[in-house]
Structures are given as C-alpha cells and as structure tokens.
Amino acid sequence: MIIESVVLRHVRMPLRSTFEISSSRSDDRDCILLEVIADGVVGYGECVADRDPGYSYETVGTSWHILKEFLIPAVLGRDYIEPGDVQNTAQFIKGHLMSKAAVEMALWDIKGKQEGRSLRNLLGGIRSKVDVGVSVGIQASPQVLVNTVQDYINQGYRRIKIKIKPQKDIEETQAVRKAFPDILLQVDANSAYTLESADTLKPLDDLNLLLIEQPLNEDDIIDHAQLQSKFRTAICLDESILSVRHARQALDLGACRIINIKPGRVGGISQAMLIHDYCYKRNIPVWCGGMLETGVGRAANLALASLPGFTLPGDISATERYYFEDITQQWFILNSDSTITVPDKPGLGIDIDMKNLNKYTLEKLALP
Ligand code: OSB
Ligand code: MG
C-alpha cells in the first residue's frame, strides 16, 4: 500500500462524567484522529495521547508536532506490505509510541478493507466477543464510589477497576469490597506511590483483588519486584511496559505477574501482539487496557482483546460509559454477559460519523 495523504484532526469530546486518576482530572477527552489514504482506500487511526502529560509524556501537542514534522513526512509516498512495516520507517524517532501507533492503526484499517477481512481476522483473534469491565475514576468519598460502582454493576459490568491515590485508597477499596463481596475487583494507582509509601497499601492484600496496577513509577521495575515479593496479590504493570524487552525484564525480575497491554502505549498493534505472544508463551495473563478511546480506538482494542492470551477482562466499556455521542456510526453496547462484540466488518469495522467528527474537531491539517 502506497501512502498518498494524511489528515490530522485534533478532536475534543465531552465526557459523560469527570474522569480522575492519581495524576489528573478531566471533563473532556482529547485525541488526534488520523485519516490516511493509501491506494485510494481510507483508513483511520486514533492517537491516544491526552491533553495533559499526566499518564505519559506524550500529549496532543507533542504528538501533533511529531506527526506533522517527522512521522507523516517520512511515511508519505512509502509503499508498505504490512502495517507493522511502518515501525522501520519510524525508528529514527525516539519514543513517541502513541504517535507511531496511530499511523499503524490506520494502516491496519486500510489492509483489512483492501483484503475484505476484519482486524480480528487479520490478527488471528479467536473470540467474537470479549470480557470487559469498567474503570472508575477517583470519587468524592467512599460512599459516592460505592454508589457509582453500583450503577455500573446494574448496567451489567462484572469487573470493576477503581483508581486510587494516597489517602484515597484503603477505605475506598474496602468499602467497595464490603458492598460487593463477589465482584471481580482491581485497583490502579497510575504510579502514585514509592516503595516506601506503598507499605500503606498492605491492607489491600486482604481484599481478594484480581491485581494492583502500576503502584510505583514507570521506571521503577526493580522496586516493583521488591513490592511484589511483599504482596500475595498480583502486581500488574501498565506504564512500565513499552516493549517486549520491558515485559521480559519485568517478568524475569518478578516485578509483576500480569501485564496490561495498550496498543498506543507500546507503539502499535504489531508491538502489542508481540508482547501478547511473549506472555502467552510464558503463561502470563494479559488484558487490554483503555485510554477512553472513541469508537475508532475501541474497535481496535476489541480486535486485539480477541487474541487467546487476553484472559482477563479489558478496560473496554460501552460507548455510553464515556460519551453522549461518538465520531463513529457504531455505538458499542454491553452484552448481558459483560462482554462487547468484536466488529466483524473489514478493517476496524467502523464508519465515521462525519457530522459528529466535524462538530468535535478543533483543528485540522492536511498533508501533503
Ligand atoms: O491507567 O489505565 C489507565 C485512562 C486514561 C489514562 C490511563 C488509564 C485510563 C483508564 C481508562 O483506566 C480505561 C478506559 O478506557 O475505560
Ligand atoms: Mg493503568
């Protein structure tokens, strides 16, 4: 496929409810939507970099810069056989994995459309629907949190993740566990603790949690290994794992027992698959994380999560958990068994709602 042109759009969509994690809080969600044309076929990719650098150093601003000045000029006019081949072109750019992932996603969409195959089929996914849960932001009080969780359980979610930070952790998690003794429950600290301050998390070990996600800093693999040795509950790494190499090192050191895979964080679906394959061989469970994606990124995550090693429920919720309306015509709904159906049309399997896309576009740039 020969890349002919690319349009970048900075998109901002209001969230149905404020989403707060340990590092930041937002009422709307930004992303860059890429429209790539190759061989006359249009494909879409979502760059999951956020407005602020709370989760990752990448933001909409840095991604826009990297895409416009470096990555898109390097891929224009290039001929790719496989979407993952774009990684070679992108190698001259250090880091900026979310920007790279967005371009690759669009190429997967194009490849699928050209071959009349769904992304799930291209990747070798084995499930037509995948187990999902909901990621609940930090709330005003334990009681508000319990009410919020109750709401999601009423909607049919069978796995709950709650965000924690120092002073908003033990009481909150205990309250949810007490109210819902049997629910699949996990917590995510988004690196809000140090090896020392994480001692305060010890009571979590008695709450029968599925996992504790990213308690320490992203570059604290060695400290995570020390922490894991003190906890019965599995530690799961998110921010720390950017490559297969990181996954190997973390597992060899005993820094975690579970890995959260997000295609954006690791530089694309081909890299996400490599991490999946590596963990699958080592019998390490993985699950698909989320970045509050629009229907575009959600479709890609669903296809990825249909691979055999994704044995834990993903952070892939129904569209209405996030948005009032979406930029895709598809509206993802929660099935009664806490699953979401994987799209089966060619490529990502989504159609863009141009009216909504234009409504939420703040800035647009066509290249060349
Ligand atoms: O750490 O998993 C995270 C959202 C933004 C940044 C980081 C994270 C998250 C989520 C959202 O947990 C999961 C979802 O998309 O539903
Ligand atoms: Mg996380």
# chains A, B, ... in the order shown; residues from 1 in each chain; ligands from 1
$ residues_near_ligand --ligand "ligand 1" --cutoff "8 Å" --atoms "only C-alpha atoms and all ligand atoms" --output "PyMOL selection string"
chain A and resi 21+50+55+134-137+161+163+188-190+213-214+238-239+289-293+315-317+322
$ residues_around --residues "Asp199 (chain A)" --least-positions-apart "5" --cutoff "10 Å" --atoms "only C-alpha atoms" --output "number ranges by chain"
A: 193-194, 227, 230-231
$ residues_around --residues "Pro142 (chain A)" --least-positions-apart "4" --cutoff "9 Å" --atoms "only C-alpha atoms" --output "short mmCIF file (atom, residue, chain, number, x, y, z; two decimals) with all heavy atoms, in the first residue's frame"
data_model
loop_
_atom_site.label_atom_id
_atom_site.label_comp_id
_atom_site.auth_asym_id
_atom_site.auth_seq_id
_atom_site.Cartn_x
_atom_site.Cartn_y
_atom_site.Cartn_z
N VAL A 146 -19.03 3.81 46.07
CA VAL A 146 -19.87 2.61 46.12
C VAL A 146 -21.12 2.80 45.26
O VAL A 146 -21.52 1.91 44.50
CB VAL A 146 -20.24 2.26 47.59
CG1 VAL A 146 -21.36 1.22 47.64
CG2 VAL A 146 -19.01 1.77 48.35
N ASN A 147 -21.71 4.00 45.34
CA ASN A 147 -22.90 4.27 44.51
C ASN A 147 -22.58 4.21 43.02
O ASN A 147 -23.37 3.70 42.22
CB ASN A 147 -23.48 5.65 44.85
CG ASN A 147 -24.02 5.71 46.28
OD1 ASN A 147 -24.21 4.69 46.93
ND2 ASN A 147 -24.22 6.93 46.78
N LYS A 168 -6.68 8.12 49.23
CA LYS A 168 -7.94 7.72 48.59
C LYS A 168 -7.76 6.29 48.11
O LYS A 168 -7.83 6.01 46.91
CB LYS A 168 -8.24 8.63 47.38
CG LYS A 168 -8.47 10.09 47.71
CD LYS A 168 -9.87 10.31 48.16
CE LYS A 168 -10.65 11.14 47.19
NZ LYS A 168 -12.05 11.27 47.63
N GLU A 171 -9.62 2.84 52.45
CA GLU A 171 -11.03 2.95 52.85
C GLU A 171 -11.95 2.75 51.66
O GLU A 171 -12.98 2.10 51.75
CB GLU A 171 -11.24 4.37 53.40
CG GLU A 171 -11.74 4.44 54.82
CD GLU A 171 -12.16 5.87 55.14
OE1 GLU A 171 -11.25 6.69 55.39
OE2 GLU A 171 -13.36 6.15 55.09
N GLU A 172 -11.56 3.35 50.53
CA GLU A 172 -12.35 3.27 49.31
C GLU A 172 -12.49 1.82 48.83
O GLU A 172 -13.58 1.34 48.53
CB GLU A 172 -11.70 4.11 48.20
CG GLU A 172 -11.94 5.61 48.30
CD GLU A 172 -11.20 6.30 49.45
OE1 GLU A 172 -10.34 5.66 50.08
OE2 GLU A 172 -11.52 7.47 49.72
N THR A 173 -11.35 1.14 48.76
CA THR A 173 -11.37 -0.23 48.23
C THR A 173 -12.10 -1.17 49.19
O THR A 173 -12.86 -2.04 48.77
CB THR A 173 -9.93 -0.72 47.96
OG1 THR A 173 -9.20 0.32 47.31
CG2 THR A 173 -9.92 -1.96 47.08
N GLN A 174 -11.89 -0.94 50.50
CA GLN A 174 -12.60 -1.77 51.49
C GLN A 174 -14.11 -1.57 51.38
O GLN A 174 -14.88 -2.54 51.47
CB GLN A 174 -12.13 -1.42 52.92
CG GLN A 174 -10.75 -1.99 53.25
CD GLN A 174 -10.17 -1.46 54.56
OE1 GLN A 174 -10.56 -0.38 55.02
NE2 GLN A 174 -9.23 -2.20 55.14
N ALA A 175 -14.52 -0.33 51.15
CA ALA A 175 -15.96 -0.05 51.06
C ALA A 175 -16.57 -0.77 49.86
O ALA A 175 -17.67 -1.35 49.96
CB ALA A 175 -16.19 1.46 50.97
N VAL A 176 -15.86 -0.74 48.73
CA VAL A 176 -16.39 -1.40 47.53
C VAL A 176 -16.41 -2.91 47.74
O VAL A 176 -17.40 -3.58 47.41
CB VAL A 176 -15.55 -1.03 46.28
CG1 VAL A 176 -15.96 -1.85 45.08
CG2 VAL A 176 -15.67 0.47 45.99
#
$ closest_residue --among "A:Val60, A:Thr18, A:Ser23, A:Leu76" --to "ligand 2" --atoms "only C-alpha atoms and all ligand atoms"
A:Ser23
$ atom_distance --atom1 "CA of Ser336 (chain A)" --atom2 "CA of Lys178 (chain A)"
24.1 Å
$ select_by_dssp --residues "region 30-275 of chain A" --states "strand (DSSP E or B)" --output "JSON, numbers by chain"
{"A": [30, 31, 32, 33, 34, 35, 36, 37, 38, 41, 42, 43, 44, 45, 46, 47, 50, 59, 79, 118, 129, 130, 131, 132, 134, 135, 136, 159, 160, 161, 162, 163, 165, 168, 184, 185, 186, 187, 188, 212, 213, 235, 236, 237, 258, 259, 260, 261]}
$ closest_residue --among "A:Val103, A:Ile72, A:Ala255, A:Leu195" --to "Gly268 (chain A)" --atoms "only C-alpha atoms"
A:Val103
$ residues_around --residues "region 206-211 of chain A" --least-positions-apart "6" --cutoff "7 Å" --atoms "only C-alpha atoms" --output "list in words"
Arg177, Leu184, Leu185, Gln186, Val187, Thr233, Ala234, Ile235 and Cys236 of chain A
$ write_last_selection --atoms "C-alpha atoms" --output "compact mmCIF listing (two decimals), in the first residue's frame"
# COMPACT_ATOMS: atom_id res chain seq x y z
CA ARG A 177 -15.31 -4.90 48.57
CA LEU A 184 -14.06 -9.09 40.20
CA LEU A 185 -12.23 -6.09 41.62
CA GLN A 186 -8.87 -4.45 40.90
CA VAL A 187 -7.18 -1.11 41.59
CA THR A 233 -1.96 -10.06 45.22
CA ALA A 234 -0.57 -9.91 41.68
CA ILE A 235 1.02 -6.66 40.60
CA CYS A 236 0.13 -5.67 37.04
$ select_by_dssp --residues "region 149-333 of chain A" --states "helix (DSSP H, G or I)" --output "number ranges by chain"
A: 149-155, 170-179, 197-206, 221-230, 244-253, 263-266, 269-281, 295-304, 319-322
$ residues_around --residues "Val7 (chain A)" --least-positions-apart "4" --cutoff "10 Å" --atoms "only C-alpha atoms" --output "list in words"
Ile32, Leu33, Leu34, Glu35, Val36, Ile37, Tyr44, Lys68, Ile72, Lys364, Leu365, Ala366, Leu367 and Pro368 of chain A
$ closest_residue --among "A:Asp79, A:Asp30, A:Asp131, A:Asp351" --to "Cys288 (chain A)" --atoms "only C-alpha atoms"
A:Asp131
$ closest_residue --among "A:Pro343, A:Gly45, A:Pro203, A:Pro308" --to "Leu8 (chain A)" --atoms "only C-alpha atoms"
A:Gly45
$ closest_residue --among "A:Thr62, A:Gln228, A:Ser5, A:Ser118" --to "Val75 (chain A)" --atoms "only C-alpha atoms"
A:Ser5
$ residues_around --residues "Arg245 (chain A)" --least-positions-apart "5" --cutoff "10 Å" --atoms "only C-alpha atoms" --output "list of chain:residue names"
A:Ala250, A:Leu251, A:Ile275, A:Tyr278
$ residues_around --residues "Leu97 (chain A)" --least-positions-apart "4" --cutoff "9 Å" --atoms "only C-alpha atoms" --output "ChimeraX atom specification"
/A:58,101-102,242,263-268
$ write_last_selection --atoms "N, CA and C atoms" --output "PDB file, in the first residue's frame"
ATOM      1  N   GLU A  58       3.666  12.010  26.428  1.00  0.00           N
ATOM      2  CA  GLU A  58       3.062  12.388  25.154  1.00  0.00           C
ATOM      3  C   GLU A  58       1.741  13.116  25.385  1.00  0.00           C
ATOM      4  N   ALA A 101       1.783   4.537  16.963  1.00  0.00           N
ATOM      5  CA  ALA A 101       0.665   3.582  16.994  1.00  0.00           C
ATOM      6  C   ALA A 101      -0.514   4.074  16.158  1.00  0.00           C
ATOM      7  N   ALA A 102      -0.725   5.391  16.152  1.00  0.00           N
ATOM      8  CA  ALA A 102      -1.872   5.944  15.426  1.00  0.00           C
ATOM      9  C   ALA A 102      -1.730   5.702  13.925  1.00  0.00           C
ATOM     10  N   LEU A 242       6.749  -0.866  27.776  1.00  0.00           N
ATOM     11  CA  LEU A 242       6.657  -0.214  26.470  1.00  0.00           C
ATOM     12  C   LEU A 242       7.113  -1.137  25.340  1.00  0.00           C
ATOM     13  N   PRO A 263      -2.295  -0.790  22.933  1.00  0.00           N
ATOM     14  CA  PRO A 263      -1.553  -0.614  21.671  1.00  0.00           C
ATOM     15  C   PRO A 263      -0.891   0.766  21.587  1.00  0.00           C
ATOM     16  N   GLY A 264      -1.557   1.803  22.058  1.00  0.00           N
ATOM     17  CA  GLY A 264      -0.975   3.148  21.978  1.00  0.00           C
ATOM     18  C   GLY A 264       0.314   3.257  22.769  1.00  0.00           C
ATOM     19  N   ARG A 265       0.289   2.733  23.993  1.00  0.00           N
ATOM     20  CA  ARG A 265       1.443   2.843  24.877  1.00  0.00           C
ATOM     21  C   ARG A 265       2.671   2.113  24.343  1.00  0.00           C
ATOM     22  N   VAL A 266       2.467   1.023  23.608  1.00  0.00           N
ATOM     23  CA  VAL A 266       3.593   0.198  23.153  1.00  0.00           C
ATOM     24  C   VAL A 266       3.964   0.459  21.695  1.00  0.00           C
ATOM     25  N   GLY A 267       3.312   1.428  21.055  1.00  0.00           N
ATOM     26  CA  GLY A 267       3.723   1.819  19.702  1.00  0.00           C
ATOM     27  C   GLY A 267       2.948   1.165  18.585  1.00  0.00           C
ATOM     28  N   GLY A 268       1.866   0.472  18.909  1.00  0.00           N
ATOM     29  CA  GLY A 268       1.023  -0.059  17.843  1.00  0.00           C
ATOM     30  C   GLY A 268       0.583  -1.494  18.065  1.00  0.00           C
TER      31      GLY A 268
END
$ closest_residue --among "A:Gln150, A:Ser240, A:Asn301, A:Asn358" --to "ligand 2" --atoms "only C-alpha atoms and all ligand atoms"
A:Ser240
$ atom_distance --atom1 "CA of Gln114 (chain A)" --atom2 "CA of Ile3 (chain A)"
13.5 Å
$ decode --residues "region 81-94 of chain A" --atoms "all heavy atoms" --output "PDB file, in the first residue's frame"
ATOM      1  N   ILE A  81       4.052  -3.281   2.859  1.00  0.00           N
ATOM      2  CA  ILE A  81       3.392  -4.568   2.654  1.00  0.00           C
ATOM      3  C   ILE A  81       2.532  -4.877   3.883  1.00  0.00           C
ATOM      4  O   ILE A  81       1.346  -5.146   3.780  1.00  0.00           O
ATOM      5  CB  ILE A  81       4.427  -5.685   2.396  1.00  0.00           C
ATOM      6  CG1 ILE A  81       5.191  -5.354   1.109  1.00  0.00           C
ATOM      7  CG2 ILE A  81       3.727  -7.051   2.273  1.00  0.00           C
ATOM      8  CD1 ILE A  81       6.381  -6.231   0.838  1.00  0.00           C
ATOM      9  N   GLU A  82       3.136  -4.754   5.050  1.00  0.00           N
ATOM     10  CA  GLU A  82       2.410  -4.999   6.300  1.00  0.00           C
ATOM     11  C   GLU A  82       2.326  -3.704   7.110  1.00  0.00           C
ATOM     12  O   GLU A  82       3.275  -2.907   7.090  1.00  0.00           O
ATOM     13  CB  GLU A  82       3.148  -6.053   7.147  1.00  0.00           C
ATOM     14  CG  GLU A  82       3.159  -7.447   6.549  1.00  0.00           C
ATOM     15  CD  GLU A  82       1.765  -8.021   6.380  1.00  0.00           C
ATOM     16  OE1 GLU A  82       0.871  -7.718   7.214  1.00  0.00           O
ATOM     17  OE2 GLU A  82       1.555  -8.756   5.394  1.00  0.00           O
ATOM     18  N   PRO A  83       1.218  -3.502   7.861  1.00  0.00           N
ATOM     19  CA  PRO A  83       1.114  -2.298   8.697  1.00  0.00           C
ATOM     20  C   PRO A  83       2.298  -2.144   9.648  1.00  0.00           C
ATOM     21  O   PRO A  83       2.798  -1.034   9.861  1.00  0.00           O
ATOM     22  CB  PRO A  83      -0.188  -2.537   9.475  1.00  0.00           C
ATOM     23  CG  PRO A  83      -1.000  -3.422   8.587  1.00  0.00           C
ATOM     24  CD  PRO A  83      -0.017  -4.316   7.897  1.00  0.00           C
ATOM     25  N   GLY A  84       2.782  -3.262  10.188  1.00  0.00           N
ATOM     26  CA  GLY A  84       3.900  -3.216  11.133  1.00  0.00           C
ATOM     27  C   GLY A  84       5.196  -2.716  10.507  1.00  0.00           C
ATOM     28  O   GLY A  84       6.124  -2.318  11.224  1.00  0.00           O
ATOM     29  N   ASP A  85       5.260  -2.721   9.159  1.00  0.00           N
ATOM     30  CA  ASP A  85       6.484  -2.256   8.490  1.00  0.00           C
ATOM     31  C   ASP A  85       6.746  -0.767   8.739  1.00  0.00           C
ATOM     32  O   ASP A  85       7.872  -0.292   8.569  1.00  0.00           O
ATOM     33  CB  ASP A  85       6.410  -2.511   6.973  1.00  0.00           C
ATOM     34  CG  ASP A  85       6.369  -3.993   6.657  1.00  0.00           C
ATOM     35  OD1 ASP A  85       6.682  -4.800   7.561  1.00  0.00           O
ATOM     36  OD2 ASP A  85       6.010  -4.352   5.522  1.00  0.00           O
ATOM     37  N   VAL A  86       5.691  -0.046   9.121  1.00  0.00           N
ATOM     38  CA  VAL A  86       5.859   1.380   9.386  1.00  0.00           C
ATOM     39  C   VAL A  86       6.805   1.593  10.576  1.00  0.00           C
ATOM     40  O   VAL A  86       7.416   2.651  10.721  1.00  0.00           O
ATOM     41  CB  VAL A  86       4.476   2.062   9.615  1.00  0.00           C
ATOM     42  CG1 VAL A  86       3.895   1.707  10.973  1.00  0.00           C
ATOM     43  CG2 VAL A  86       4.602   3.570   9.493  1.00  0.00           C
ATOM     44  N   GLN A  87       6.966   0.578  11.415  1.00  0.00           N
ATOM     45  CA  GLN A  87       7.875   0.671  12.572  1.00  0.00           C
ATOM     46  C   GLN A  87       9.311   0.949  12.126  1.00  0.00           C
ATOM     47  O   GLN A  87      10.044   1.672  12.792  1.00  0.00           O
ATOM     48  CB  GLN A  87       7.832  -0.614  13.411  1.00  0.00           C
ATOM     49  CG  GLN A  87       6.467  -0.949  13.995  1.00  0.00           C
ATOM     50  CD  GLN A  87       5.994   0.045  15.040  1.00  0.00           C
ATOM     51  OE1 GLN A  87       6.803   0.728  15.662  1.00  0.00           O
ATOM     52  NE2 GLN A  87       4.691   0.154  15.222  1.00  0.00           N
ATOM     53  N   ASN A  88       9.712   0.339  11.002  1.00  0.00           N
ATOM     54  CA  ASN A  88      11.074   0.571  10.496  1.00  0.00           C
ATOM     55  C   ASN A  88      11.270   2.033  10.113  1.00  0.00           C
ATOM     56  O   ASN A  88      12.278   2.646  10.451  1.00  0.00           O
ATOM     57  CB  ASN A  88      11.355  -0.311   9.276  1.00  0.00           C
ATOM     58  CG  ASN A  88      11.387  -1.782   9.654  1.00  0.00           C
ATOM     59  OD1 ASN A  88      11.804  -2.126  10.751  1.00  0.00           O
ATOM     60  ND2 ASN A  88      10.922  -2.633   8.761  1.00  0.00           N
ATOM     61  N   THR A  89      10.289   2.570   9.387  1.00  0.00           N
ATOM     62  CA  THR A  89      10.360   3.978   8.996  1.00  0.00           C
ATOM     63  C   THR A  89      10.432   4.875  10.232  1.00  0.00           C
ATOM     64  O   THR A  89      11.101   5.904  10.217  1.00  0.00           O
ATOM     65  CB  THR A  89       9.107   4.376   8.182  1.00  0.00           C
ATOM     66  OG1 THR A  89       8.880   3.389   7.190  1.00  0.00           O
ATOM     67  CG2 THR A  89       9.259   5.740   7.559  1.00  0.00           C
ATOM     68  N   ALA A  90       9.710   4.472  11.275  1.00  0.00           N
ATOM     69  CA  ALA A  90       9.576   5.330  12.464  1.00  0.00           C
ATOM     70  C   ALA A  90      10.754   5.202  13.423  1.00  0.00           C
ATOM     71  O   ALA A  90      10.834   5.930  14.409  1.00  0.00           O
ATOM     72  CB  ALA A  90       8.275   4.978  13.200  1.00  0.00           C
ATOM     73  N   GLN A  91      11.669   4.307  13.105  1.00  0.00           N
ATOM     74  CA  GLN A  91      12.753   4.006  14.056  1.00  0.00           C
ATOM     75  C   GLN A  91      13.666   5.199  14.335  1.00  0.00           C
ATOM     76  O   GLN A  91      14.276   5.264  15.400  1.00  0.00           O
ATOM     77  CB  GLN A  91      13.586   2.844  13.545  1.00  0.00           C
ATOM     78  CG  GLN A  91      13.607   1.701  14.521  1.00  0.00           C
ATOM     79  CD  GLN A  91      14.353   0.497  13.974  1.00  0.00           C
ATOM     80  OE1 GLN A  91      15.086   0.608  13.010  1.00  0.00           O
ATOM     81  NE2 GLN A  91      14.152  -0.634  14.613  1.00  0.00           N
ATOM     82  N   PHE A  92      13.728   6.137  13.392  1.00  0.00           N
ATOM     83  CA  PHE A  92      14.610   7.295  13.604  1.00  0.00           C
ATOM     84  C   PHE A  92      14.044   8.251  14.645  1.00  0.00           C
ATOM     85  O   PHE A  92      14.720   9.187  15.060  1.00  0.00           O
ATOM     86  CB  PHE A  92      14.873   8.015  12.273  1.00  0.00           C
ATOM     87  CG  PHE A  92      13.737   8.881  11.805  1.00  0.00           C
ATOM     88  CD1 PHE A  92      13.808  10.274  11.950  1.00  0.00           C
ATOM     89  CD2 PHE A  92      12.599   8.335  11.235  1.00  0.00           C
ATOM     90  CE1 PHE A  92      12.767  11.092  11.522  1.00  0.00           C
ATOM     91  CE2 PHE A  92      11.556   9.140  10.800  1.00  0.00           C
ATOM     92  CZ  PHE A  92      11.636  10.516  10.941  1.00  0.00           C
ATOM     93  N   ILE A  93      12.798   8.003  15.068  1.00  0.00           N
ATOM     94  CA  ILE A  93      12.186   8.832  16.116  1.00  0.00           C
ATOM     95  C   ILE A  93      12.234   8.065  17.432  1.00  0.00           C
ATOM     96  O   ILE A  93      11.699   6.960  17.542  1.00  0.00           O
ATOM     97  CB  ILE A  93      10.707   9.148  15.768  1.00  0.00           C
ATOM     98  CG1 ILE A  93      10.613   9.873  14.432  1.00  0.00           C
ATOM     99  CG2 ILE A  93      10.052   9.954  16.896  1.00  0.00           C
ATOM    100  CD1 ILE A  93       9.202   9.938  13.864  1.00  0.00           C
ATOM    101  N   LYS A  94      12.901   8.632  18.419  1.00  0.00           N
ATOM    102  CA  LYS A  94      12.933   8.006  19.742  1.00  0.00           C
ATOM    103  C   LYS A  94      11.565   8.145  20.398  1.00  0.00           C
ATOM    104  O   LYS A  94      10.941   9.211  20.326  1.00  0.00           O
ATOM    105  CB  LYS A  94      13.941   8.734  20.639  1.00  0.00           C
ATOM    106  CG  LYS A  94      15.355   8.584  20.190  1.00  0.00           C
ATOM    107  CD  LYS A  94      16.064   7.544  21.018  1.00  0.00           C
ATOM    108  CE  LYS A  94      17.544   7.559  20.682  1.00  0.00           C
ATOM    109  NZ  LYS A  94      18.169   6.283  21.033  1.00  0.00           N
TER     110      LYS A  94
END
